[in-house]
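**Q** See run.txt below, with compact mmCIF, C-alpha atoms and all ligand atoms.
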# COMPACT_ATOMS: atom_id res chain seq x y z
CA MET A 576 138.71 156.04 108.70
CA SER A 577 141.43 154.73 106.47
CA PHE A 578 141.15 151.18 107.72
CA SER A 579 137.65 150.03 108.62
CA PHE A 580 136.39 147.63 111.18
CA THR A 581 135.22 145.27 108.50
CA GLN A 582 138.69 145.27 106.96
CA ALA A 583 140.27 144.49 110.32
CA SER A 584 137.84 141.64 110.86
CA GLN A 585 138.44 140.27 107.36
CA GLN A 586 142.15 140.45 108.05
CA ALA A 587 141.67 138.40 111.22
CA TRP A 588 139.71 135.82 109.25
CA GLN A 589 142.49 135.52 106.64
CA TRP A 590 145.08 135.19 109.37
CA LEU A 591 143.12 132.34 110.92
CA GLU A 592 143.05 130.55 107.57
CA SER A 593 146.78 131.14 107.09
CA ALA A 594 147.68 130.02 110.61
CA ALA A 595 145.79 126.74 110.12
CA LYS A 596 148.29 125.78 107.40
CA PHE A 597 151.09 125.57 109.96
CA SER A 598 150.12 122.11 111.01
CA GLU A 599 151.43 118.54 111.03
CA THR A 600 148.25 117.66 109.14
CA GLN A 601 147.29 118.40 105.56
CA ASP A 602 143.98 120.19 104.90
CA ALA A 603 142.76 121.63 108.20
CA ASP A 604 139.11 121.54 107.11
CA VAL A 605 139.24 117.76 106.97
CA ASN A 606 142.03 116.71 109.31
CA GLY A 607 142.11 119.64 111.70
CA VAL A 608 145.20 121.43 112.98
CA THR A 609 148.00 119.75 114.94
CA ARG A 610 150.58 122.24 116.13
CA CYS A 611 152.67 121.55 119.22
CA CYS A 612 155.12 123.54 121.26
CA ALA A 613 158.67 124.06 119.92
CA THR A 614 158.09 122.21 116.65
CA PRO A 615 158.81 123.27 113.03
CA GLN A 616 155.10 124.17 112.73
CA HIS A 617 155.35 126.41 115.79
CA ARG A 618 158.49 128.04 114.33
CA ALA A 619 156.83 128.65 110.95
CA LEU A 620 153.79 130.18 112.63
CA LEU A 621 155.91 132.49 114.81
CA ASP A 622 157.86 133.68 111.73
CA GLU A 623 154.59 134.60 110.06
CA LEU A 624 153.03 136.06 113.22
CA SER A 625 156.11 138.22 113.76
CA GLN A 626 155.56 139.80 110.37
CA TRP A 627 151.87 140.37 111.06
CA MET A 628 152.76 141.98 114.40
CA ALA A 629 155.46 144.17 112.84
CA SER A 630 153.05 145.35 110.15
CA ALA A 631 150.66 146.39 112.94
CA GLY A 632 153.31 148.70 114.37
CA MET A 633 154.42 146.34 117.12
CA SER A 634 157.88 145.45 118.34
CA VAL A 635 158.20 141.67 118.56
CA ARG A 636 160.13 139.33 120.82
CA MET A 637 160.11 135.69 121.80
CA ASP A 638 160.73 134.91 125.46
CA ASN A 639 162.54 131.89 126.91
CA GLY A 640 159.31 129.94 127.23
CA ALA A 641 158.71 130.27 123.45
CA ASN A 642 155.91 132.81 123.90
CA LEU A 643 155.78 135.35 121.09
CA ILE A 644 154.94 138.84 122.35
CA GLY A 645 154.04 141.83 120.20
CA HIS A 646 154.24 145.19 121.95
CA TYR A 647 152.12 148.16 120.86
CA ALA A 648 153.54 151.10 122.74
CA SER A 649 151.52 153.90 124.27
CA PRO A 650 152.87 157.45 123.92
CA GLU A 651 152.24 157.91 127.66
CA PRO A 652 155.38 157.71 129.76
CA ASN A 653 155.18 155.11 132.55
CA ALA A 654 152.12 153.51 130.98
CA ARG A 655 150.96 150.14 132.25
CA THR A 656 150.26 147.18 129.98
CA LEU A 657 147.07 145.41 128.99
CA LEU A 658 147.86 141.79 128.13
CA LEU A 659 145.79 140.23 125.37
CA GLY A 660 146.31 136.84 123.79
CA SER A 661 145.74 133.13 123.74
CA HIS A 662 147.57 129.92 122.89
CA GLN A 663 149.06 129.00 119.54
CA ASP A 664 149.16 125.24 120.20
CA THR A 665 146.39 122.75 119.56
CA VAL A 666 145.22 119.33 120.63
CA PRO A 667 145.89 116.60 118.02
CA ASN A 668 143.61 117.27 115.03
CA GLY A 669 142.10 120.26 116.78
CA GLY A 670 140.15 123.15 115.29
CA LYS A 671 141.33 126.34 113.61
CA TYR A 672 139.91 128.69 116.25
CA ASP A 673 140.66 127.25 119.69
CA GLY A 674 143.55 129.45 120.80
CA MET A 675 144.51 131.12 117.52
CA MET A 676 141.38 133.25 117.41
CA GLY A 677 142.48 134.87 120.67
CA VAL A 678 145.85 135.69 119.11
CA VAL A 679 144.76 137.14 115.76
CA LEU A 680 141.78 139.11 117.08
CA PRO A 681 143.89 141.36 119.36
CA LEU A 682 146.32 141.62 116.48
CA ALA A 683 143.51 142.84 114.23
CA LEU A 684 142.56 145.32 116.96
CA VAL A 685 146.10 146.70 117.09
CA THR A 686 146.20 146.83 113.29
CA TYR A 687 143.01 148.89 113.39
CA LEU A 688 144.45 151.22 116.05
CA HIS A 689 147.77 151.55 114.22
CA LYS A 690 146.33 152.21 110.77
CA ASN A 691 143.96 154.81 112.16
CA ALA A 692 146.66 156.37 114.34
CA ILE A 693 144.64 155.75 117.51
CA THR A 694 146.75 155.78 120.66
CA LEU A 695 145.83 154.57 124.14
CA PRO A 696 147.10 155.57 127.58
CA PHE A 697 148.40 152.01 128.08
CA HIS A 698 150.59 149.57 126.19
CA ILE A 699 149.07 146.51 124.60
CA ASP A 700 151.05 143.27 124.57
CA VAL A 701 149.62 140.54 122.37
CA VAL A 702 150.84 137.11 123.43
CA ALA A 703 150.83 133.88 121.43
CA PHE A 704 151.28 131.46 124.35
CA SER A 705 153.61 128.62 123.45
CA ASP A 706 151.79 125.74 125.09
CA GLU A 707 148.45 125.67 126.84
CA GLU A 708 147.07 122.28 125.83
CA GLY A 709 150.11 120.28 126.92
CA THR A 710 149.79 118.01 123.88
CA ARG A 711 153.53 117.39 123.45
CA PHE A 712 154.93 117.43 127.00
CA SER A 713 151.82 117.14 129.19
CA SER A 714 153.04 120.50 130.51
CA THR A 715 149.79 122.44 130.42
CA LEU A 716 149.79 126.23 130.76
CA LEU A 717 153.54 126.41 130.08
CA GLY A 718 153.42 129.82 128.40
CA SER A 719 151.17 131.50 130.93
CA LYS A 720 153.14 130.09 133.88
CA VAL A 721 156.28 131.70 132.41
CA LEU A 722 154.58 135.11 132.21
CA ALA A 723 153.02 134.78 135.66
CA GLY A 724 156.33 133.73 137.24
CA THR A 725 154.95 130.40 138.45
CA PHE A 726 156.87 128.16 136.05
CA ASN A 727 158.44 125.28 137.94
CA SER A 728 161.78 124.32 136.40
CA SER A 729 161.09 120.64 137.12
CA MET A 730 158.72 120.83 134.13
CA LEU A 731 161.81 121.08 131.93
CA GLN A 732 162.41 117.36 132.53
CA ASP A 733 159.01 116.40 131.05
CA SER A 734 159.61 114.63 127.79
CA ASP A 735 157.65 114.03 124.60
CA SER A 736 156.87 110.65 123.00
CA GLU A 737 160.35 110.60 121.43
CA GLY A 738 162.14 111.20 124.70
CA ILE A 739 163.03 114.84 123.96
CA SER A 740 162.75 116.90 127.12
CA LEU A 741 160.97 120.24 127.26
CA GLY A 742 164.30 121.85 128.19
CA GLU A 743 166.04 120.40 125.11
CA ALA A 744 163.13 121.33 122.85
CA LEU A 745 163.12 124.93 124.10
CA ARG A 746 166.90 125.20 123.62
CA SER A 747 166.76 124.03 120.03
CA PHE A 748 163.88 126.46 119.52
CA GLY A 749 166.19 129.35 120.42
CA CYS A 750 165.16 129.79 124.05
CA ASP A 751 167.32 129.72 127.16
CA PRO A 752 165.28 127.75 129.70
CA ASP A 753 167.69 128.71 132.49
CA ARG A 754 166.48 132.29 132.13
CA ILE A 755 162.73 131.61 132.14
CA SER A 756 162.38 133.19 135.58
CA GLU A 757 163.43 136.54 134.06
CA ASP A 758 160.48 136.52 131.67
CA CYS A 759 157.64 137.13 134.10
CA TYR A 760 155.80 140.43 134.18
CA ARG A 761 155.78 142.59 137.29
CA PRO A 762 152.22 142.76 138.69
CA GLU A 763 152.45 146.54 139.10
CA ASP A 764 153.10 146.95 135.36
CA VAL A 765 150.03 145.00 134.26
CA ILE A 766 146.43 146.23 134.09
CA ALA A 767 144.90 142.83 133.39
CA PHE A 768 144.97 139.82 131.11
CA LEU A 769 142.06 139.49 128.72
CA GLU A 770 141.55 136.44 126.53
CA VAL A 771 139.11 135.97 123.69
CA HIS A 772 138.28 132.31 123.12
CA ILE A 773 135.66 130.22 121.42
CA GLU A 774 133.05 129.03 123.87
CA GLN A 775 133.62 125.30 123.20
CA GLY A 776 130.04 124.72 124.32
CA PRO A 777 126.53 125.32 122.93
CA GLN A 778 125.14 127.98 125.30
CA LEU A 779 125.70 131.13 123.23
CA GLN A 780 124.34 129.48 120.11
CA GLN A 781 121.30 128.37 122.06
CA SER A 782 120.81 131.93 123.37
CA ASN A 783 121.28 133.27 119.84
CA LEU A 784 124.13 135.49 120.97
CA PRO A 785 127.49 135.98 119.23
CA ILE A 786 129.49 136.65 122.40
CA GLY A 787 129.36 136.51 126.17
CA ALA A 788 131.46 137.59 129.14
CA VAL A 789 132.96 134.88 131.32
CA SER A 790 132.39 134.94 135.08
CA ALA A 791 134.91 132.32 136.15
CA ILE A 792 137.05 129.45 134.98
CA THR A 793 135.75 126.26 136.46
CA GLY A 794 137.18 124.40 139.42
CA ILE A 795 137.64 120.67 138.90
CA GLU A 796 137.86 117.62 141.15
CA ARG A 797 138.23 113.97 140.27
CA HIS A 798 137.68 110.77 142.20
CA GLU A 799 138.22 107.07 141.71
CA ILE A 800 135.82 104.59 143.26
CA THR A 801 136.19 100.81 143.19
CA VAL A 802 132.98 98.99 144.00
CA LYS A 803 133.71 95.57 145.53
CA GLY A 804 131.29 92.73 144.85
CA VAL A 805 131.53 88.94 144.64
CA ALA A 806 131.99 87.13 141.33
CA GLY A 807 129.72 84.20 140.61
CA HIS A 808 127.98 82.17 137.95
CA ALA A 809 125.42 84.32 136.15
CA GLY A 810 122.96 81.43 135.99
CA THR A 811 123.21 79.71 139.34
CA VAL A 812 123.44 82.40 142.05
CA PRO A 813 119.94 83.52 143.05
CA MET A 814 119.26 87.22 142.52
CA HIS A 815 118.73 88.00 146.20
CA MET A 816 122.13 86.48 147.08
CA ARG A 817 124.20 88.50 144.62
CA HIS A 818 126.79 91.21 145.33
CA ASP A 819 127.01 92.70 141.84
CA ALA A 820 129.64 95.43 141.66
CA LEU A 821 128.36 96.80 138.38
CA VAL A 822 124.89 97.34 139.82
CA GLY A 823 126.55 99.51 142.47
CA ALA A 824 128.48 101.37 139.78
CA ALA A 825 125.25 101.99 137.87
CA GLU A 826 123.80 103.50 141.04
CA ILE A 827 126.82 105.82 141.34
CA ILE A 828 126.46 106.95 137.72
CA ARG A 829 122.79 107.77 138.33
CA LEU A 830 123.60 109.64 141.55
CA VAL A 831 126.30 111.78 139.89
CA ASP A 832 124.01 112.61 136.99
CA SER A 833 121.00 113.53 139.12
CA ARG A 834 123.07 115.53 141.65
CA CYS A 835 124.54 117.61 138.82
CA LYS A 836 121.23 118.01 136.99
CA GLY A 837 119.64 119.19 140.22
CA THR A 838 122.33 121.77 141.09
CA ASP A 839 122.89 125.09 139.32
CA GLU A 840 126.44 125.77 138.18
CA LEU A 841 127.54 122.19 138.66
CA VAL A 842 128.44 119.69 135.97
CA GLY A 843 129.82 116.20 136.37
CA VAL A 844 130.46 112.96 134.62
CA VAL A 845 131.44 109.36 135.13
CA GLY A 846 133.65 109.17 132.08
CA LYS A 847 135.69 106.07 132.69
CA ILE A 848 134.72 102.62 133.88
CA GLU A 849 136.53 99.29 134.21
CA ASN A 850 134.59 96.19 135.02
CA MET A 851 136.10 92.91 136.26
CA PRO A 852 136.09 90.21 135.08
CA ASN A 853 133.81 91.68 132.39
CA GLY A 854 132.38 88.40 131.16
CA VAL A 855 128.93 87.94 129.63
CA ASN A 856 128.04 85.20 132.10
CA VAL A 857 129.89 86.33 135.23
CA ILE A 858 128.54 88.47 138.06
CA PRO A 859 130.89 91.49 138.19
CA GLN A 860 133.37 91.26 141.06
CA SER A 861 134.78 94.75 140.99
CA THR A 862 134.04 97.90 139.04
CA THR A 863 136.28 100.96 139.09
CA LEU A 864 134.94 104.27 137.89
CA SER A 865 135.95 107.90 137.74
CA ILE A 866 133.87 110.83 138.92
CA GLU A 867 134.60 114.35 137.78
CA LEU A 868 132.81 117.44 139.13
CA ARG A 869 133.21 120.99 137.84
CA SER A 870 131.83 124.28 139.07
CA PRO A 871 132.81 127.95 138.90
CA ASP A 872 131.90 128.09 142.61
CA ASP A 873 134.16 125.99 144.85
CA ASP A 874 131.57 125.95 147.67
CA ILE A 875 128.91 124.51 145.37
CA ARG A 876 131.35 121.85 144.17
CA ARG A 877 132.51 120.88 147.68
CA GLN A 878 128.94 120.75 149.02
CA ALA A 879 127.92 118.57 146.09
CA ARG A 880 130.87 116.26 146.70
CA LYS A 881 129.92 115.86 150.35
CA ARG A 882 126.31 114.99 149.59
CA LEU A 883 127.27 112.77 146.68
CA LEU A 884 129.76 110.74 148.72
CA HIS A 885 127.14 110.40 151.47
CA ASP A 886 124.52 109.17 148.98
CA ILE A 887 126.98 106.76 147.39
CA ASP A 888 127.82 105.33 150.79
CA THR A 889 124.15 104.85 151.65
CA SER A 890 123.34 103.24 148.28
CA LEU A 891 126.26 100.83 148.27
CA ASN A 892 125.55 99.79 151.86
CA ALA A 893 121.96 99.06 150.88
CA LEU A 894 123.26 96.86 148.07
CA ASN A 895 125.64 95.05 150.45
CA LEU A 896 128.63 96.25 148.46
CA GLY A 897 131.96 97.47 149.80
CA TYR A 898 134.04 100.13 148.10
CA ASP A 899 137.32 102.03 148.06
CA HIS A 900 137.35 105.73 147.35
CA ARG A 901 140.14 108.21 146.70
CA GLN A 902 140.17 111.75 145.44
CA THR A 903 142.74 112.00 142.65
CA TYR A 904 142.67 115.70 141.69
CA GLU A 905 141.42 119.08 142.77
CA GLN A 906 141.90 122.49 141.23
CA ALA A 907 140.11 125.53 142.58
CA ALA A 908 138.04 127.77 140.32
CA VAL A 909 139.49 131.09 139.24
CA GLN A 910 137.13 134.07 139.22
CA CYS A 911 137.31 136.58 136.44
CA SER A 912 137.71 140.03 137.92
CA THR A 913 134.31 141.66 138.48
CA TRP A 914 135.38 145.09 137.23
CA LEU A 915 136.68 143.57 134.01
CA THR A 916 133.61 141.41 133.45
CA ASP A 917 131.46 144.52 134.08
CA THR A 918 133.54 146.48 131.57
CA LEU A 919 133.14 143.68 129.01
CA GLN A 920 129.39 143.66 129.64
CA SER A 921 129.18 147.40 129.05
CA ALA A 922 131.29 147.03 125.91
CA ILE A 923 128.93 144.31 124.71
CA GLN A 924 126.02 146.66 125.33
CA ASP A 925 127.86 149.35 123.35
CA THR A 926 127.65 147.03 120.36
CA ARG A 927 123.88 146.69 120.90
CA ILE A 928 124.09 143.08 121.94
CA GLU A 929 122.38 141.68 124.97
CA PRO A 930 125.03 141.08 127.66
CA HIS A 931 125.26 137.49 128.76
CA VAL A 932 127.51 135.99 131.43
CA LEU A 933 128.54 132.35 131.48
CA PHE A 934 131.25 130.34 133.16
CA SER A 935 134.01 128.47 131.44
CA GLY A 936 133.78 124.72 131.94
CA ALA A 937 137.20 124.30 130.33
CA GLY A 938 140.60 125.37 131.65
CA HIS A 939 142.44 128.30 130.05
CA ASP A 940 145.64 130.34 130.37
CA GLY A 941 143.75 132.62 132.76
CA LEU A 942 144.16 129.90 135.42
CA ALA A 943 147.88 130.68 135.51
CA MET A 944 147.63 134.38 134.63
CA ALA A 945 145.35 134.98 137.65
CA GLN A 946 148.48 134.53 139.79
CA LEU A 947 149.87 137.65 138.11
CA CYS A 948 146.95 139.98 137.56
CA ASP A 949 143.20 140.43 137.19
CA ILE A 950 141.81 138.33 134.37
CA GLY A 951 138.84 138.53 132.05
CA MET A 952 137.53 136.37 129.22
CA LEU A 953 135.26 136.94 126.28
CA PHE A 954 133.63 133.90 124.66
CA VAL A 955 132.68 133.76 121.00
CA ARG A 956 129.91 131.44 119.84
CA CYS A 957 131.06 128.28 118.08
CA ARG A 958 128.90 126.10 115.87
CA ASP A 959 127.00 123.43 117.82
CA GLY A 960 129.46 123.80 120.68
CA VAL A 961 131.96 121.59 118.84
CA SER A 962 135.64 122.07 119.73
CA HIS A 963 138.90 120.06 119.81
CA HIS A 964 137.74 118.70 116.45
CA PRO A 965 138.36 119.51 112.76
CA SER A 966 134.73 120.63 112.36
CA GLU A 967 135.12 123.43 114.92
CA ALA A 968 133.58 126.53 113.30
CA ILE A 969 132.72 130.17 113.93
CA GLU A 970 130.91 132.84 111.92
CA PRO A 971 132.91 135.71 110.38
CA GLU A 972 130.29 138.21 111.63
CA ASP A 973 130.87 137.05 115.21
CA LEU A 974 134.54 137.84 114.77
CA THR A 975 133.59 141.41 113.84
CA VAL A 976 131.42 141.72 116.95
CA ALA A 977 134.20 140.40 119.20
CA LEU A 978 136.63 142.87 117.63
CA GLU A 979 134.26 145.73 118.29
CA VAL A 980 133.82 144.64 121.91
CA LEU A 981 137.61 144.52 122.31
CA LEU A 982 137.91 148.05 120.99
CA GLN A 983 135.06 149.35 123.19
CA THR A 984 136.68 147.63 126.18
CA CYS A 985 140.01 149.33 125.48
CA GLN A 986 138.30 152.70 125.08
CA ARG A 987 136.45 152.22 128.35
CA LEU A 988 139.70 151.26 130.12
CA ALA A 989 141.36 154.33 128.64
CA LYS A 990 138.89 156.50 130.56
CA GLU A 991 139.97 155.01 133.90
CA PRO A 992 143.23 156.72 134.92
CA SER A 993 143.30 154.70 138.13
CA LEU A 994 143.76 151.58 136.03
CA THR A 995 146.13 152.77 133.39
CA LEU A 996 148.61 154.82 135.41
CA PRO A 997 151.23 153.19 137.60
ZN ZN B 1 141.95 126.83 124.07
How would this structure read if it were set down as structure tokens?
**A**
Amino acid sequence: MSFSFTQASQQAWQWLESAAKFSETQDADVNGVTRCCATPQHRALLDELSQWMASAGMSVRMDNGANLIGHYASPEPNARTLLLGSHQDTVPNGGKYDGMMGVVLPLALVTYLHKNAITLPFHIDVVAFSDEEGTRFSSTLLGSKVLAGTFNSSMLQDSDSEGISLGEALRSFGCDPDRISEDCYRPEDVIAFLEVHIEQGPQLQQSNLPIGAVSAITGIERHEITVKGVAGHAGTVPMHMRHDALVGAAEIIRLVDSRCKGTDELVGVVGKIENMPNGVNVIPQSTTLSIELRSPDDDIRRQARKRLLHDIDTSLNALNLGYDHRQTYEQAAVQCSTWLTDTLQSAIQDTRIEPHVLFSGAGHDGLAMAQLCDIGMLFVRCRDGVSHHPSEAIEPEDLTVALEVLLQTCQRLAKEPSLTLP
């Protein structure tokens, strides 16, 4: 082979280091990477990425949603397309690998294929999604919604902290937002969307595994509860006569924690709390708290919610406390396609690594892409599960393993004419 696997993996590593320099911050190792949609940093990255894509034998285009797409053509006429990719944007002071790793790894794969003159019976499109995190416009999953054809043009009115609208920003970035609807893929042309992403959690590290296949992207629901008590002097009201809202809130926190600890595939948190009047010598009158539940299985999550709300009601009644409750958010889980997860598992086995399946507790572009096509995800171990932070880290050897799994996956797909032909 003229261009080895190790070389391709080293190339990916160098690209990750280079990409981290396109940031509002100086010194990514200390301050992390801040790169938002339709900014000079985004432009500089796309200029560089375009060159990397071209050198891998790809034709390159930017769509009207500021996604950069490299196309590696199959010699087969009427071939379908496998979509690979991840997001180029970051959270403020984010890590070097969240998103970008899923862009450069497929690019390293195509480089490997190109330099070794390996062709496939399907096209590969590598996408650097413009905006997944929503850091600048709160418009999460912008890039993937454009490709899936679910972009709602009302999002163009969303504005950043300086009052620049998404529509204006895209225009000055060289896009025509009025033509975004033309940029979606046709479902019949697409085999699937496959994203490689860092795990952003500690499970793979704990299992001593470099990679794992993802079963589903979590569903999420959020609630707000205000516990209503009676304020009073902390020294004069006898204990048995108190209606202490914060005691009720403490009970809710305990109930959420124990319900989630006692249920497989369910996580939850009370992450936000406001206590009134919040004085050292005042019995709390009202306490408002958030509850968030996540599960890859919507039935598990809804069952847990039902039991939790019942238990909260019982507990607060026993404490003689009233309360208001409202559900503020719900997003269903998205299942990764079983055939693709199975293929990933087999590909992982091909690399002599024990297959491991886990669910994603974080949202990803696959949430939007699932509206277009079957989706799959491959997680790569990250150090101590740290993400969205400058100290986010991965091992170079894990990158090599992920690259090999990507190649094995493509080779397995190539043997399935029912998938690759229109
Ligand atoms: Zn991400």
**Q** Using atom CA of Glu708 of chain A and atom CA of Val771 of chain A as the two end points, give the distance in Å to one decimal.
**A**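 Rounded to one decimal, the two atoms are 16.0 Å apart.
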**Q** Kindly provide the residues of chain A that approach ligand ZN 1 (chain B) to within 8 Å, each paired with its closest atom pair and their distance in Å to one decimal, based on all atoms listed in the file, listed by chain and increasing number, as a Markdown table.
**A**
| residue | atom | partner | partner_atom | distance |
| --- | --- | --- | --- | --- |
| A:Ser661 | CA | B:ZN1 | ZN | 7.4 |
| A:His662 | CA | B:ZN1 | ZN | 6.5 |
| A:Thr665 | CA | B:ZN1 | ZN | 7.5 |
| A:Asp673 | CA | B:ZN1 | ZN | 4.6 |
| A:Gly674 | CA | B:ZN1 | ZN | 4.5 |
| A:Glu707 | CA | B:ZN1 | ZN | 7.2 |
| A:Glu708 | CA | B:ZN1 | ZN | 7.1 |
| A:His772 | CA | B:ZN1 | ZN | 6.7 |
| A:Ile773 | CA | B:ZN1 | ZN | 7.6 |
| A:Gly938 | CA | B:ZN1 | ZN | 7.8 |
| A:His939 | CA | B:ZN1 | ZN | 6.2 |
**Q** I'd like the neighbourhood of Asn727 of chain A as a ChimeraX atom specification, where a residue qualifies if any of its atoms comes within 12 Å (using all atoms listed in the file), though same-chain residues fewer than 6 positions away should be ignored.
**A** /A:640,714-721,733,742,752-753,755-756
**Q** Would you kindly return, as a PyMOL selection string, each protein, DNA or RNA residue with an atom no farther than 12 Å from any atom of Arg927 of chain A, considering only C-alpha atoms and excluding same-chain residues fewer than 4 positions away?
**A** chain A and resi 784-786+920-923+976+979-980+983
**Q** Between A:Leu884, A:Ile875, A:Val635, A:Ile795, which has the minimum distance to Gln906 of chain A (counting all atoms listed in the file)?
**A**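 Looking only at the distances to Gln906 of chain A, the closest residue turns out to be A:Ile795.
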**Q** Can you tell me how far atom CA of Val805 of chain A sits from atom CA of Arg829 of chain A, in Å to one decimal?
**A**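 The value is 21.7 Å.
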**Q** Please list as a PyMOL selection string every residue within 12 Å of Phe748 of chain A, counting only C-alpha atoms and excluding residues in the same chain fewer than 5 positions away.
**A** chain A and resi 612-619+621+637-642+705+741-743
**Q** Between atom CA of Gly632 of chain A and atom CA of Pro650 of chain A, what is the distance in Å, rounded to a tenth?
**A**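 So the two atoms, atom CA of Gly632 of chain A and atom CA of Pro650 of chain A, lie 13.0 Å apart.
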**Q** Which of these residues is nearest to Ile827 of chain A, using all atoms listed in the file: A:Gly843, A:Gly669, A:Gly854, A:Gly776?
**A**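 So, comparing all the options, the nearest one is A:Gly843.
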**Q** Where's the centre, and what are the edge lengths in Å to one decimal, of a box along x, y and z enclosing all listed atoms of segment 968-979 of chain A padded 5 Å per side, as lines of an AutoDock Vina configuration file?
**A**
center_x = 133.5
center_y = 136.1
center_z = 114.8
size_x = 16.3
size_y = 29.2
size_z = 18.8
**Q** For Gly941 of chain A, find every residue with an atom within 8 Å (counting only C-alpha atoms), except residues of its own chain fewer than 6 positions away, and show them as a VMD selection string.
**A** chain A and resid 719 768 770 792 909 950 to 951
**Q** I'd like to know which of A:Pro971, A:Pro859, A:Gly749, A:Pro992 is closest to Arg636 of chain A, using only C-alpha atoms.
**A**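 Of all the options, A:Gly749 lies closest to Arg636 of chain A.
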**Q** Which of these, A:Pro667, A:Thr793, A:Arg882, A:Ser870, has the shortest distance to Ser833 of chain A once you count only C-alpha atoms?
**A**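 Of all the options, A:Arg882 lies closest to Ser833 of chain A.
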**Q** For Thr984 of chain A, which residue among A:Leu769, A:Leu821, A:Met730, A:Val831 is the nearest when counting only C-alpha atoms?
**A** A:Leu769
**Q** Could you check the closest approach to Phe726 of chain A for each of A:Val842, A:Ala631, A:Ala820, A:Ala943 and tell me which residue wins, using only C-alpha atoms?
**A** A:Ala943
**Q** Show me, as a PyMOL selection string, the residues that have an atom within 12 Å of His900 of chain A when counting all atoms listed in the file, minus same-chain residues fewer than 2 positions from it.
**A** chain A and resi 797-803+862-866+884-885+887-888+897-898+902-903
**Q** Take the residues from that selection and put them in a file with C-alpha atoms, as a PDB file, in the frame of the given file.
**A**
ATOM      1  CA  ARG A 797     138.230 113.970 140.270  1.00  0.00           C
ATOM      2  CA  HIS A 798     137.680 110.770 142.200  1.00  0.00           C
ATOM      3  CA  GLU A 799     138.220 107.070 141.710  1.00  0.00           C
ATOM      4  CA  ILE A 800     135.820 104.590 143.260  1.00  0.00           C
ATOM      5  CA  THR A 801     136.190 100.810 143.190  1.00  0.00           C
ATOM      6  CA  VAL A 802     132.980  98.990 144.000  1.00  0.00           C
ATOM      7  CA  LYS A 803     133.710  95.570 145.530  1.00  0.00           C
ATOM      8  CA  THR A 862     134.040  97.900 139.040  1.00  0.00           C
ATOM      9  CA  THR A 863     136.280 100.960 139.090  1.00  0.00           C
ATOM     10  CA  LEU A 864     134.940 104.270 137.890  1.00  0.00           C
ATOM     11  CA  SER A 865     135.950 107.900 137.740  1.00  0.00           C
ATOM     12  CA  ILE A 866     133.870 110.830 138.920  1.00  0.00           C
ATOM     13  CA  LEU A 884     129.760 110.740 148.720  1.00  0.00           C
ATOM     14  CA  HIS A 885     127.140 110.400 151.470  1.00  0.00           C
ATOM     15  CA  ILE A 887     126.980 106.760 147.390  1.00  0.00           C
ATOM     16  CA  ASP A 888     127.820 105.330 150.790  1.00  0.00           C
ATOM     17  CA  GLY A 897     131.960  97.470 149.800  1.00  0.00           C
ATOM     18  CA  TYR A 898     134.040 100.130 148.100  1.00  0.00           C
ATOM     19  CA  GLN A 902     140.170 111.750 145.440  1.00  0.00           C
ATOM     20  CA  THR A 903     142.740 112.000 142.650  1.00  0.00           C
TER      21      THR A 903
END
